[in-house]
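Structure file run-v1.cif with mmCIF, C-alpha atoms:
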```cif
data_target
#
loop_
_atom_site.label_atom_id
_atom_site.label_comp_id
_atom_site.auth_asym_id
_atom_site.auth_seq_id
_atom_site.Cartn_x
_atom_site.Cartn_y
_atom_site.Cartn_z
CA MET C 1 90.26 75.48 86.13
CA THR C 2 92.91 76.32 83.62
CA ILE C 3 96.53 75.35 83.64
CA GLU C 4 97.76 78.95 83.87
CA ALA C 5 95.64 79.53 86.99
CA ASP C 6 97.56 76.80 88.81
CA ILE C 7 101.07 77.88 87.84
CA LYS C 8 102.69 80.77 89.70
CA ASN C 9 106.04 82.53 89.73
CA PHE C 10 107.44 82.56 93.28
CA TYR C 11 109.22 85.86 92.65
CA GLU C 12 105.92 87.71 92.13
CA ASN C 13 104.97 87.40 95.81
CA LEU C 14 108.48 88.30 96.93
CA VAL C 15 108.47 91.46 94.79
CA VAL C 16 105.09 92.60 96.13
CA GLU C 17 106.23 91.90 99.71
CA GLU C 18 109.37 93.96 99.11
CA LEU C 19 107.35 96.90 97.76
CA TYR C 20 105.10 96.90 100.83
CA GLN C 21 108.03 96.41 103.19
CA LYS C 22 109.65 99.52 101.72
CA ASN C 23 106.34 101.42 102.08
CA GLN C 24 106.45 102.34 98.40
CA GLN C 25 102.65 102.51 98.24
CA GLN C 26 102.96 105.90 99.97
CA LEU C 27 105.30 107.25 97.31
CA PHE C 28 103.85 105.78 94.11
CA GLU C 29 100.43 105.34 92.59
CA THR C 30 99.10 101.82 92.02
CA SER C 31 99.93 101.88 88.31
CA GLU C 32 103.49 102.97 89.11
CA LEU C 33 103.86 100.16 91.66
CA GLU C 34 102.72 97.73 88.99
CA ASP C 35 105.36 99.16 86.63
CA ILE C 36 108.03 98.81 89.33
CA ALA C 37 107.00 95.20 89.89
CA CYS C 38 107.15 94.44 86.16
CA VAL C 39 110.61 95.99 85.80
CA ALA C 40 111.82 94.08 88.86
CA LEU C 41 110.38 90.77 87.63
CA ASN C 42 112.05 91.28 84.24
CA HIS C 43 115.38 91.41 86.11
CA LEU C 44 114.75 88.13 87.94
CA PRO C 45 114.81 84.55 86.72
CA PRO C 46 111.45 82.79 86.68
CA ARG C 47 110.81 80.35 89.52
CA TYR C 48 107.53 78.59 88.85
CA TYR C 49 105.61 76.31 91.16
CA ARG C 50 102.20 74.65 91.35
CA HIS C 51 101.73 74.44 95.10
CA SER C 52 103.23 76.76 97.70
CA VAL C 53 104.07 73.67 99.73
CA ASP C 54 106.43 72.67 96.92
CA MET C 55 108.46 75.85 97.39
CA ALA C 56 108.53 75.56 101.17
CA PHE C 57 109.80 71.99 100.87
CA TYR C 58 112.46 72.55 98.22
CA LEU C 59 113.93 75.91 99.27
CA SER C 60 116.68 76.08 101.87
CA ARG C 61 116.97 79.12 104.13
CA GLN C 62 120.12 80.12 102.29
CA GLU C 63 118.42 79.89 98.90
CA LEU C 64 115.43 81.92 100.11
CA GLY C 65 117.82 84.54 101.53
CA GLU C 66 119.61 84.76 98.19
CA MET C 67 116.29 85.11 96.38
CA ARG C 68 115.21 87.92 98.72
CA LYS C 69 118.51 89.74 98.10
CA LYS C 70 117.99 89.48 94.33
CA VAL C 71 114.44 90.79 94.78
CA GLU C 72 115.66 93.75 96.82
CA GLU C 73 118.15 94.65 94.08
CA ALA C 74 115.58 94.20 91.30
CA VAL C 75 113.00 96.35 93.11
CA GLU C 76 115.61 99.10 93.51
CA ILE C 77 116.15 98.99 89.74
CA GLY C 78 112.39 99.17 89.19
CA ILE C 79 112.06 102.15 91.52
CA LYS C 80 114.90 103.93 89.73
CA VAL C 81 113.43 103.31 86.27
CA VAL C 82 109.92 104.44 87.24
CA SER C 83 111.22 107.45 89.19
CA GLU C 84 113.24 108.61 86.19
CA LYS C 85 110.17 108.33 83.94
CA LYS C 86 108.16 110.38 86.46
CA ARG C 87 110.35 113.46 86.10
#
```

What is this file in structure tokens?
Amino acid sequence: MTIEADIKNFYENLVVEELYQKNQQQLFETSELEDIACVALNHLPPRYYRHSVDMAFYLSRQELGEMRKKVEEAVEIGIKVVSEKKR
């Protein structure tokens, strides 16, 4: 195993969940969804963890709610940027 394989950014999963929740896979191709995710992640602070249990233990409901709101806003920015490039 390598160090980078064990370190993850919590926001990555939240961004992907948000894209699927919004059913964006029906509107965009896979490469465009990846671009949207990258734009969104560039608008979010990193939140790294080693074990998902760590995040579950340390995050309060309020903090998770705030993170989800930030993700929603960042994904909207990503969608806008990619949509404008599509035209």

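The closest residue to Lys86 of chain C, picked from C:Leu27, C:Met67, C:Leu59, C:Leu41 and counting all atoms listed in the file, is C:Leu27.
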
So which residues fall inside 9 Å of (108.1, 90.7, 91.8) if we count only C-alpha atoms? Mind giving them as a PyMOL selection string?
-> chain C and resi 9-19+36-42+44+71+74-75

Taking the file above as input, evaluate the PyMOL selection byres ((chain C and resi 50) around 12) and report the hits as an MDAnalysis selection string.
-> chainID C and resid 3:10 47:49 51:56

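The space separating atom CA of Lys69 of chain C from atom CA of Pro46 of chain C comes to 15.1 Å.
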
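When atom CA of Glu84 of chain C is paired with atom CA of Glu29 of chain C, their separation reads 14.7 Å.
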
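Atom CA of Asp35 of chain C is found 12.3 Å from atom CA of Glu76 of chain C.
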
N, CA and C atoms restored at segment 23-43 of chain C, emitted as a CSV table (one decimal), in the frame of the given file:
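The new file out_32.csv reads:
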```
chain,number,residue,atom,x,y,z
C,23,ASN,N,107.4,100.4,102.0
C,23,ASN,CA,106.3,101.4,102.1
C,23,ASN,C,106.3,102.3,100.8
C,24,GLN,N,106.5,101.6,99.7
C,24,GLN,CA,106.4,102.3,98.4
C,24,GLN,C,105.0,102.8,98.0
C,25,GLN,N,104.0,102.1,98.6
C,25,GLN,CA,102.6,102.5,98.2
C,25,GLN,C,102.3,103.9,98.7
C,26,GLN,N,103.2,104.5,99.6
C,26,GLN,CA,103.0,105.9,100.0
C,26,GLN,C,103.6,106.9,99.0
C,27,LEU,N,104.6,106.4,98.2
C,27,LEU,CA,105.3,107.2,97.3
C,27,LEU,C,104.9,107.1,95.9
C,28,PHE,N,104.2,106.0,95.5
C,28,PHE,CA,103.8,105.8,94.1
C,28,PHE,C,102.4,105.4,94.0
C,29,GLU,N,101.8,105.7,92.9
C,29,GLU,CA,100.4,105.3,92.6
C,29,GLU,C,100.4,103.8,92.3
C,30,THR,N,99.2,103.3,92.3
C,30,THR,CA,99.1,101.8,92.0
C,30,THR,C,99.7,101.4,90.7
C,31,SER,N,99.4,102.2,89.6
C,31,SER,CA,99.9,101.9,88.3
C,31,SER,C,101.5,102.0,88.3
C,32,GLU,N,102.0,102.9,89.0
C,32,GLU,CA,103.5,103.0,89.1
C,32,GLU,C,104.1,101.8,89.9
C,33,LEU,N,103.4,101.4,90.9
C,33,LEU,CA,103.9,100.2,91.7
C,33,LEU,C,103.8,98.9,90.8
C,34,GLU,N,102.8,98.8,89.9
C,34,GLU,CA,102.7,97.7,89.0
C,34,GLU,C,103.9,97.8,88.0
C,35,ASP,N,104.2,99.0,87.5
C,35,ASP,CA,105.4,99.2,86.6
C,35,ASP,C,106.7,98.8,87.3
C,36,ILE,N,106.8,99.2,88.6
C,36,ILE,CA,108.0,98.8,89.3
C,36,ILE,C,108.1,97.3,89.4
C,37,ALA,N,107.0,96.7,89.8
C,37,ALA,CA,107.0,95.2,89.9
C,37,ALA,C,107.4,94.5,88.6
C,38,CYS,N,106.8,95.0,87.5
C,38,CYS,CA,107.2,94.4,86.2
C,38,CYS,C,108.6,94.6,85.8
C,39,VAL,N,109.2,95.8,86.1
C,39,VAL,CA,110.6,96.0,85.8
C,39,VAL,C,111.4,95.0,86.7
C,40,ALA,N,111.1,95.0,87.9
C,40,ALA,CA,111.8,94.1,88.9
C,40,ALA,C,111.7,92.6,88.4
C,41,LEU,N,110.5,92.2,88.1
C,41,LEU,CA,110.4,90.8,87.6
C,41,LEU,C,111.1,90.5,86.3
C,42,ASN,N,111.3,91.5,85.5
C,42,ASN,CA,112.0,91.3,84.2
C,42,ASN,C,113.5,91.2,84.5
C,43,HIS,N,114.0,91.5,85.7
C,43,HIS,CA,115.4,91.4,86.1
C,43,HIS,C,115.6,90.2,87.0
```
